[in-house]
>>> print(open('coords_12.txt').read())   # compact mmCIF, N, CA and C atoms
# COMPACT_ATOMS: atom_id res chain seq x y z
N MET G 3 -12.71 -12.29 -9.95
CA MET G 3 -12.50 -11.10 -9.14
C MET G 3 -12.60 -9.89 -10.07
N SER G 4 -13.41 -8.92 -9.72
CA SER G 4 -13.64 -7.79 -10.60
C SER G 4 -12.49 -6.77 -10.54
N GLU G 5 -11.82 -6.66 -9.43
CA GLU G 5 -10.71 -5.72 -9.30
C GLU G 5 -9.38 -6.45 -9.49
N PRO G 6 -8.42 -5.74 -10.10
CA PRO G 6 -7.08 -6.34 -10.22
C PRO G 6 -6.49 -6.58 -8.83
N LEU G 7 -5.78 -7.65 -8.68
CA LEU G 7 -5.20 -7.99 -7.39
C LEU G 7 -4.11 -7.00 -6.98
N VAL G 8 -3.35 -6.54 -7.96
CA VAL G 8 -2.25 -5.61 -7.67
C VAL G 8 -2.76 -4.18 -7.78
N LEU G 9 -2.46 -3.39 -6.76
CA LEU G 9 -2.88 -1.99 -6.73
C LEU G 9 -2.13 -1.19 -7.78
N GLY G 10 -2.84 -0.34 -8.47
CA GLY G 10 -2.25 0.54 -9.47
C GLY G 10 -3.22 1.64 -9.80
N TYR G 11 -2.88 2.45 -10.78
CA TYR G 11 -3.79 3.50 -11.22
C TYR G 11 -5.01 2.85 -11.84
N ASP G 12 -6.19 3.23 -11.38
CA ASP G 12 -7.44 2.65 -11.86
C ASP G 12 -8.42 3.79 -12.07
N ALA G 13 -8.59 4.21 -13.32
CA ALA G 13 -9.45 5.35 -13.63
C ALA G 13 -10.89 5.11 -13.20
N GLY G 14 -11.30 3.87 -13.05
CA GLY G 14 -12.66 3.57 -12.67
C GLY G 14 -12.89 3.48 -11.17
N ASP G 15 -11.85 3.63 -10.37
CA ASP G 15 -11.98 3.48 -8.92
C ASP G 15 -11.14 4.54 -8.21
N VAL G 16 -11.82 5.57 -7.74
CA VAL G 16 -11.12 6.70 -7.11
C VAL G 16 -10.37 6.28 -5.85
N HIS G 17 -10.88 5.28 -5.12
CA HIS G 17 -10.22 4.86 -3.88
C HIS G 17 -8.93 4.11 -4.16
N ARG G 18 -8.96 3.18 -5.12
CA ARG G 18 -7.74 2.45 -5.48
C ARG G 18 -6.70 3.40 -6.07
N THR G 19 -7.15 4.33 -6.92
CA THR G 19 -6.22 5.30 -7.49
C THR G 19 -5.65 6.20 -6.40
N GLY G 20 -6.48 6.60 -5.46
CA GLY G 20 -6.00 7.43 -4.35
C GLY G 20 -4.98 6.72 -3.49
N ALA G 21 -5.24 5.45 -3.20
CA ALA G 21 -4.29 4.67 -2.40
C ALA G 21 -2.98 4.50 -3.15
N PHE G 22 -3.06 4.20 -4.46
CA PHE G 22 -1.86 4.04 -5.27
C PHE G 22 -1.06 5.35 -5.32
N THR G 23 -1.74 6.44 -5.58
CA THR G 23 -1.08 7.75 -5.65
C THR G 23 -0.42 8.10 -4.33
N ASN G 24 -1.10 7.79 -3.22
CA ASN G 24 -0.53 8.05 -1.90
C ASN G 24 0.73 7.24 -1.67
N LEU G 25 0.71 5.97 -2.06
CA LEU G 25 1.89 5.12 -1.88
C LEU G 25 3.05 5.59 -2.77
N VAL G 26 2.75 6.01 -3.98
CA VAL G 26 3.80 6.54 -4.87
C VAL G 26 4.41 7.80 -4.25
N ALA G 27 3.59 8.67 -3.72
CA ALA G 27 4.09 9.89 -3.07
C ALA G 27 4.94 9.56 -1.85
N ARG G 28 4.52 8.56 -1.09
CA ARG G 28 5.27 8.14 0.08
C ARG G 28 6.64 7.58 -0.33
N ALA G 29 6.67 6.78 -1.38
CA ALA G 29 7.93 6.22 -1.87
C ALA G 29 8.84 7.32 -2.39
N ALA G 30 8.28 8.25 -3.13
CA ALA G 30 9.08 9.36 -3.68
C ALA G 30 9.69 10.19 -2.56
N GLU G 31 8.93 10.44 -1.52
CA GLU G 31 9.43 11.23 -0.39
C GLU G 31 10.56 10.50 0.33
N ALA G 32 10.39 9.20 0.56
CA ALA G 32 11.45 8.42 1.21
C ALA G 32 12.70 8.40 0.34
N TYR G 33 12.53 8.26 -0.96
CA TYR G 33 13.65 8.25 -1.89
C TYR G 33 14.38 9.60 -1.87
N ARG G 34 13.60 10.68 -1.93
CA ARG G 34 14.18 12.03 -1.93
C ARG G 34 14.96 12.29 -0.64
N ILE G 35 14.39 11.93 0.48
CA ILE G 35 15.06 12.16 1.77
C ILE G 35 16.35 11.35 1.85
N SER G 36 16.29 10.09 1.42
CA SER G 36 17.49 9.25 1.46
C SER G 36 18.60 9.80 0.58
N LEU G 37 18.24 10.25 -0.61
CA LEU G 37 19.25 10.83 -1.50
C LEU G 37 19.83 12.12 -0.94
N HIS G 38 18.99 12.89 -0.27
CA HIS G 38 19.44 14.15 0.30
C HIS G 38 20.56 13.92 1.32
N TYR G 39 20.43 12.87 2.13
CA TYR G 39 21.41 12.60 3.16
C TYR G 39 22.56 11.71 2.69
N ALA G 40 22.53 11.29 1.44
CA ALA G 40 23.54 10.36 0.94
C ALA G 40 24.85 11.02 0.57
N ASP G 41 24.85 12.32 0.36
CA ASP G 41 26.04 13.05 -0.08
C ASP G 41 26.59 12.43 -1.36
N ASP G 42 27.86 12.05 -1.36
CA ASP G 42 28.50 11.52 -2.56
C ASP G 42 28.65 10.00 -2.53
N ASP G 43 27.85 9.33 -1.75
CA ASP G 43 27.92 7.88 -1.63
C ASP G 43 27.56 7.23 -2.98
N PRO G 44 28.45 6.41 -3.55
CA PRO G 44 28.15 5.78 -4.84
C PRO G 44 26.99 4.79 -4.79
N ASP G 45 26.67 4.32 -3.62
CA ASP G 45 25.56 3.38 -3.46
C ASP G 45 24.27 4.09 -3.04
N ALA G 46 24.26 5.41 -3.18
CA ALA G 46 23.13 6.20 -2.69
C ALA G 46 21.81 5.84 -3.36
N ALA G 47 21.82 5.65 -4.65
CA ALA G 47 20.56 5.36 -5.36
C ALA G 47 19.97 4.03 -4.88
N GLY G 48 20.80 3.03 -4.72
CA GLY G 48 20.32 1.74 -4.24
C GLY G 48 19.77 1.82 -2.82
N GLU G 49 20.49 2.54 -1.97
CA GLU G 49 20.02 2.69 -0.60
C GLU G 49 18.73 3.51 -0.55
N ALA G 50 18.66 4.54 -1.38
CA ALA G 50 17.44 5.35 -1.43
C ALA G 50 16.26 4.51 -1.91
N MET G 51 16.49 3.66 -2.89
CA MET G 51 15.41 2.81 -3.38
C MET G 51 14.98 1.81 -2.31
N THR G 52 15.94 1.30 -1.55
CA THR G 52 15.60 0.41 -0.44
C THR G 52 14.67 1.09 0.54
N HIS G 53 14.96 2.34 0.87
CA HIS G 53 14.11 3.10 1.79
C HIS G 53 12.74 3.38 1.16
N ALA G 54 12.74 3.70 -0.12
CA ALA G 54 11.47 3.99 -0.81
C ALA G 54 10.57 2.76 -0.83
N LEU G 55 11.13 1.62 -1.18
CA LEU G 55 10.32 0.40 -1.22
C LEU G 55 9.88 -0.03 0.18
N GLY G 56 10.76 0.17 1.14
CA GLY G 56 10.40 -0.14 2.52
C GLY G 56 9.26 0.72 3.03
N ALA G 57 9.17 1.93 2.52
CA ALA G 57 8.12 2.85 2.95
C ALA G 57 6.74 2.46 2.42
N VAL G 58 6.69 1.65 1.38
CA VAL G 58 5.41 1.35 0.75
C VAL G 58 5.06 -0.14 0.67
N ALA G 59 5.97 -1.00 0.99
CA ALA G 59 5.72 -2.45 0.84
C ALA G 59 4.51 -2.89 1.64
N ARG G 60 4.39 -2.41 2.87
CA ARG G 60 3.25 -2.80 3.71
C ARG G 60 1.94 -2.28 3.14
N GLY G 61 1.99 -1.10 2.52
CA GLY G 61 0.79 -0.54 1.91
C GLY G 61 0.30 -1.36 0.73
N PHE G 62 1.23 -1.80 -0.11
CA PHE G 62 0.84 -2.64 -1.24
C PHE G 62 0.32 -4.00 -0.77
N ALA G 63 0.94 -4.54 0.28
CA ALA G 63 0.44 -5.80 0.84
C ALA G 63 -0.97 -5.62 1.40
N ALA G 64 -1.19 -4.52 2.10
CA ALA G 64 -2.52 -4.23 2.66
C ALA G 64 -3.55 -4.10 1.55
N ALA G 65 -3.20 -3.42 0.47
CA ALA G 65 -4.13 -3.24 -0.65
C ALA G 65 -4.48 -4.59 -1.30
N THR G 66 -3.51 -5.47 -1.42
CA THR G 66 -3.77 -6.78 -1.99
C THR G 66 -4.71 -7.58 -1.09
N LEU G 67 -4.45 -7.55 0.21
CA LEU G 67 -5.34 -8.26 1.14
C LEU G 67 -6.74 -7.66 1.12
N GLU G 68 -6.83 -6.36 0.98
CA GLU G 68 -8.14 -5.69 0.90
C GLU G 68 -8.92 -6.20 -0.31
N THR G 69 -8.25 -6.33 -1.44
CA THR G 69 -8.90 -6.84 -2.64
C THR G 69 -9.39 -8.27 -2.42
N LEU G 70 -8.56 -9.09 -1.80
CA LEU G 70 -8.96 -10.47 -1.51
C LEU G 70 -10.12 -10.52 -0.52
N ALA G 71 -10.08 -9.68 0.49
CA ALA G 71 -11.13 -9.69 1.51
C ALA G 71 -12.47 -9.26 0.94
N GLN G 72 -12.47 -8.32 0.01
CA GLN G 72 -13.71 -7.81 -0.55
C GLN G 72 -14.25 -8.67 -1.68
N GLY G 73 -13.39 -9.44 -2.30
CA GLY G 73 -13.81 -10.28 -3.42
C GLY G 73 -14.61 -11.48 -2.96
N GLU G 74 -15.31 -12.07 -3.88
CA GLU G 74 -16.13 -13.25 -3.58
C GLU G 74 -15.47 -14.55 -4.01
N VAL G 75 -14.34 -14.46 -4.68
CA VAL G 75 -13.68 -15.66 -5.20
C VAL G 75 -13.31 -16.63 -4.08
N LEU G 76 -12.82 -16.11 -2.97
CA LEU G 76 -12.41 -16.98 -1.86
C LEU G 76 -13.58 -17.38 -0.97
N ALA G 77 -14.72 -16.73 -1.14
CA ALA G 77 -15.92 -17.02 -0.35
C ALA G 77 -15.60 -17.04 1.15
N LEU G 78 -14.96 -15.98 1.62
CA LEU G 78 -14.57 -15.90 3.03
C LEU G 78 -15.79 -15.67 3.92
N SER G 79 -15.76 -16.26 5.08
CA SER G 79 -16.81 -16.02 6.06
C SER G 79 -16.64 -14.61 6.61
N ILE G 80 -17.66 -14.11 7.26
CA ILE G 80 -17.59 -12.78 7.88
C ILE G 80 -16.44 -12.73 8.89
N GLU G 81 -16.27 -13.78 9.66
CA GLU G 81 -15.19 -13.83 10.66
C GLU G 81 -13.82 -13.71 10.00
N LYS G 82 -13.64 -14.43 8.90
CA LYS G 82 -12.34 -14.38 8.20
C LYS G 82 -12.12 -13.01 7.56
N LYS G 83 -13.18 -12.42 7.05
CA LYS G 83 -13.05 -11.07 6.49
C LYS G 83 -12.67 -10.07 7.57
N LEU G 84 -13.27 -10.20 8.74
CA LEU G 84 -12.94 -9.31 9.86
C LEU G 84 -11.49 -9.51 10.29
N HIS G 85 -11.04 -10.75 10.31
CA HIS G 85 -9.64 -11.03 10.67
C HIS G 85 -8.70 -10.42 9.62
N LEU G 86 -9.05 -10.56 8.35
CA LEU G 86 -8.23 -9.92 7.30
C LEU G 86 -8.23 -8.41 7.46
N ASP G 87 -9.38 -7.83 7.80
CA ASP G 87 -9.45 -6.38 8.02
C ASP G 87 -8.49 -5.94 9.12
N GLU G 88 -8.40 -6.73 10.18
CA GLU G 88 -7.47 -6.42 11.27
C GLU G 88 -6.02 -6.45 10.76
N LEU G 89 -5.70 -7.45 9.96
CA LEU G 89 -4.35 -7.55 9.40
C LEU G 89 -4.06 -6.38 8.47
N ILE G 90 -5.03 -6.00 7.68
CA ILE G 90 -4.87 -4.89 6.75
C ILE G 90 -4.55 -3.60 7.50
N VAL G 91 -5.31 -3.34 8.55
CA VAL G 91 -5.09 -2.14 9.36
C VAL G 91 -3.72 -2.19 10.03
N GLU G 92 -3.34 -3.37 10.51
CA GLU G 92 -2.02 -3.53 11.13
C GLU G 92 -0.90 -3.27 10.13
N LEU G 93 -1.10 -3.71 8.89
CA LEU G 93 -0.09 -3.49 7.86
C LEU G 93 0.04 -2.01 7.51
N ASP G 94 -1.09 -1.36 7.24
CA ASP G 94 -1.03 0.04 6.80
C ASP G 94 -2.39 0.70 6.96
N LEU G 95 -2.57 1.36 8.09
CA LEU G 95 -3.83 2.02 8.41
C LEU G 95 -4.20 3.06 7.35
N GLU G 96 -3.25 3.87 6.94
CA GLU G 96 -3.53 4.95 5.99
C GLU G 96 -4.07 4.40 4.66
N THR G 97 -3.45 3.36 4.15
CA THR G 97 -3.91 2.76 2.89
C THR G 97 -5.30 2.17 3.07
N SER G 98 -5.54 1.51 4.20
CA SER G 98 -6.86 0.96 4.48
C SER G 98 -7.92 2.05 4.49
N GLU G 99 -7.62 3.15 5.14
CA GLU G 99 -8.57 4.26 5.23
C GLU G 99 -8.87 4.85 3.84
N ILE G 100 -7.86 4.97 3.02
CA ILE G 100 -8.08 5.50 1.66
C ILE G 100 -8.94 4.54 0.85
N LEU G 101 -8.62 3.27 0.91
CA LEU G 101 -9.38 2.28 0.15
C LEU G 101 -10.84 2.19 0.61
N ASN G 102 -11.09 2.46 1.88
CA ASN G 102 -12.44 2.36 2.43
C ASN G 102 -13.10 3.71 2.63
N ASP G 103 -12.50 4.77 2.09
CA ASP G 103 -13.05 6.13 2.17
C ASP G 103 -13.36 6.52 3.60
N ALA G 104 -12.45 6.18 4.52
CA ALA G 104 -12.66 6.50 5.94
C ALA G 104 -12.11 7.87 6.28
>>> encode(input="coords_12.txt", output="structure tokens")
Amino acid sequence: MSEPLVLGYDAGDVHRTGAFTNLVARAAEAYRISLHYADDDPDAAGEAMTHALGAVARGFAAATLETLAQGEVLALSIEKKLHLDELIVELDLETSEILNDA
């Protein structure tokens, strides 16, 4: 597989980097909002992190499936690739659109 399975900053791929940057921004925003409403709760950081990870987990899963769907290692049929595409969009439309320059 030519692309790393896990989404991250990739200087050679503007779409993967864009999707990663978008997910990081989404997580940061969820974290910031959660902390803002936490007041003096001693468990605020943990709860904020829970919200941040929840905001991006589906996006990272979608990006991983996208990498698998586009790769040739699994030798997926067109039908299976289309089914994976449907799952990817269901998981996180925004990440799918960024990865596919839509």
>>> residues_around(input="coords_12.txt", residues="stretch 96-98 of chain G", least_positions_apart="5", cutoff="10 Å", atoms="only C-alpha atoms", output="ChimeraX atom specification")
/G:17-18,20-22,24-25,58,60-65,67-68,87,90-91,103-104
>>> residues_around(input="coords_12.txt", residues="stretch 41-57 of chain G", least_positions_apart="3", cutoff="6 Å", atoms="only C-alpha atoms", output="VMD selection string")
chain G and resid 29 32 to 33 36 to 37
>>> select_by_dssp(input="coords_12.txt", residues="chain G", states="helix (DSSP H, G or I)", output="PyMOL selection string")
chain G and resi 16-40+46-72+80-93+95-101
>>> atom_distance(input="coords_12.txt", atom1="atom C of G:Ile80", atom2="atom CA of G:Gly14")
27.3 Å
>>> closest_residue(input="coords_12.txt", among="G:His38, G:Lys82, G:Gly73, G:Thr66", to="G:Gly10", atoms="only C-alpha atoms")
G:Thr66
>>> closest_residue(input="coords_12.txt", among="G:Lys83, G:Leu70, G:Tyr39, G:Arg34", to="G:Val8", atoms="only C-alpha atoms")
G:Leu70
>>> atom_distance(input="coords_12.txt", atom1="atom CA of G:Glu81", atom2="atom CA of G:Leu9")
24.4 Å
>>> decode(input="coords_12.txt", residues="chain G", atoms="C-alpha atoms", output="short mmCIF file (atom, residue, chain, number, x, y, z; two decimals), in the first residue's frame")
data_model
loop_
_atom_site.label_atom_id
_atom_site.label_comp_id
_atom_site.auth_asym_id
_atom_site.auth_seq_id
_atom_site.Cartn_x
_atom_site.Cartn_y
_atom_site.Cartn_z
CA MET G 3 0.00 0.00 0.00
CA SER G 4 1.57 3.30 -1.03
CA GLU G 5 -0.28 5.46 1.51
CA PRO G 6 0.00 5.04 5.27
CA LEU G 7 -3.09 3.40 6.71
CA VAL G 8 -3.38 5.92 9.53
CA LEU G 9 -4.28 9.48 8.56
CA GLY G 10 -1.74 12.11 9.54
CA TYR G 11 0.19 15.06 8.18
CA ASP G 12 1.49 14.05 4.75
CA ALA G 13 3.53 16.70 2.94
CA GLY G 14 3.20 14.74 -0.29
CA ASP G 15 -0.62 14.58 -0.28
CA VAL G 16 -2.61 17.77 0.08
CA HIS G 17 -5.92 15.89 0.49
CA ARG G 18 -4.73 13.64 3.34
CA THR G 19 -3.08 16.62 5.03
CA GLY G 20 -6.26 18.67 4.58
CA ALA G 21 -8.42 15.93 6.07
CA PHE G 22 -6.02 15.50 9.00
CA THR G 23 -5.86 19.26 9.64
CA ASN G 24 -9.65 19.47 9.50
CA LEU G 25 -10.04 16.66 12.03
CA VAL G 26 -7.47 18.25 14.36
CA ALA G 27 -9.36 21.56 14.15
CA ARG G 28 -12.64 19.77 14.85
CA ALA G 29 -11.14 18.04 17.91
CA ALA G 30 -9.64 21.28 19.19
CA GLU G 31 -12.98 23.07 18.86
CA ALA G 32 -14.85 20.31 20.71
CA TYR G 33 -12.19 20.34 23.43
CA ARG G 34 -12.32 24.14 23.76
CA ILE G 35 -16.13 24.20 23.96
CA SER G 36 -16.19 21.41 26.56
CA LEU G 37 -13.62 23.16 28.73
CA HIS G 38 -15.50 26.44 28.43
CA TYR G 39 -18.63 24.89 29.94
CA ALA G 40 -16.78 22.82 32.54
CA ASP G 41 -16.27 25.65 35.04
CA ASP G 42 -14.23 24.32 37.97
CA ASP G 43 -14.97 20.63 37.43
CA PRO G 44 -11.81 18.64 38.33
CA ASP G 45 -12.66 16.08 35.66
CA ALA G 46 -13.04 18.76 32.99
CA ALA G 47 -9.95 17.88 30.98
CA GLY G 48 -10.93 14.21 30.73
CA GLU G 49 -14.48 15.05 29.75
CA ALA G 50 -13.25 17.61 27.22
CA MET G 51 -10.92 15.03 25.70
CA THR G 52 -13.80 12.55 25.49
CA HIS G 53 -15.78 15.11 23.49
CA ALA G 54 -12.77 15.94 21.32
CA LEU G 55 -12.10 12.32 20.44
CA GLY G 56 -15.77 11.67 19.88
CA ALA G 57 -15.85 14.54 17.41
CA VAL G 58 -13.18 12.98 15.21
CA ALA G 59 -13.24 9.20 15.70
CA ARG G 60 -15.62 8.64 12.79
CA GLY G 61 -13.46 10.85 10.56
CA PHE G 62 -10.32 8.85 11.28
CA ALA G 63 -12.23 5.60 10.69
CA ALA G 64 -13.53 6.98 7.38
CA ALA G 65 -10.01 7.99 6.33
CA THR G 66 -8.68 4.51 7.09
CA LEU G 67 -11.45 2.87 5.08
CA GLU G 68 -10.77 5.31 2.24
CA THR G 69 -7.12 4.23 2.17
CA LEU G 70 -8.15 0.57 2.10
CA ALA G 71 -10.75 1.16 -0.61
CA GLN G 72 -8.31 2.98 -2.88
CA GLY G 73 -5.41 0.59 -2.34
CA GLU G 74 -4.78 -2.47 -4.44
CA VAL G 75 -3.57 -4.72 -1.62
CA LEU G 76 -7.06 -6.08 -0.89
CA ALA G 77 -7.92 -6.33 -4.61
CA LEU G 78 -11.50 -5.25 -3.94
CA SER G 79 -14.09 -5.57 -6.67
CA ILE G 80 -15.81 -2.42 -7.92
CA GLU G 81 -18.94 -3.43 -6.00
CA LYS G 82 -17.02 -3.78 -2.74
CA LYS G 83 -15.28 -0.45 -3.30
CA LEU G 84 -18.65 1.20 -3.88
CA HIS G 85 -20.00 -0.38 -0.69
CA LEU G 86 -16.96 0.89 1.23
CA ASP G 87 -17.52 4.35 -0.28
CA GLU G 88 -21.07 4.31 1.10
CA LEU G 89 -19.76 3.37 4.55
CA ILE G 90 -17.12 6.09 4.37
CA VAL G 91 -19.71 8.75 3.55
CA GLU G 92 -21.96 7.45 6.33
CA LEU G 93 -19.09 7.68 8.80
CA ASP G 94 -17.96 11.19 7.89
CA LEU G 95 -19.08 12.98 4.75
CA GLU G 96 -16.82 16.00 5.32
CA THR G 97 -13.66 13.89 5.61
CA SER G 98 -14.65 11.90 2.52
CA GLU G 99 -15.15 15.10 0.53
CA ILE G 100 -11.76 16.47 1.59
CA LEU G 101 -9.98 13.23 0.74
CA ASN G 102 -11.67 13.10 -2.68
CA ASP G 103 -11.39 16.84 -3.42
CA ALA G 104 -15.17 17.12 -3.72
#
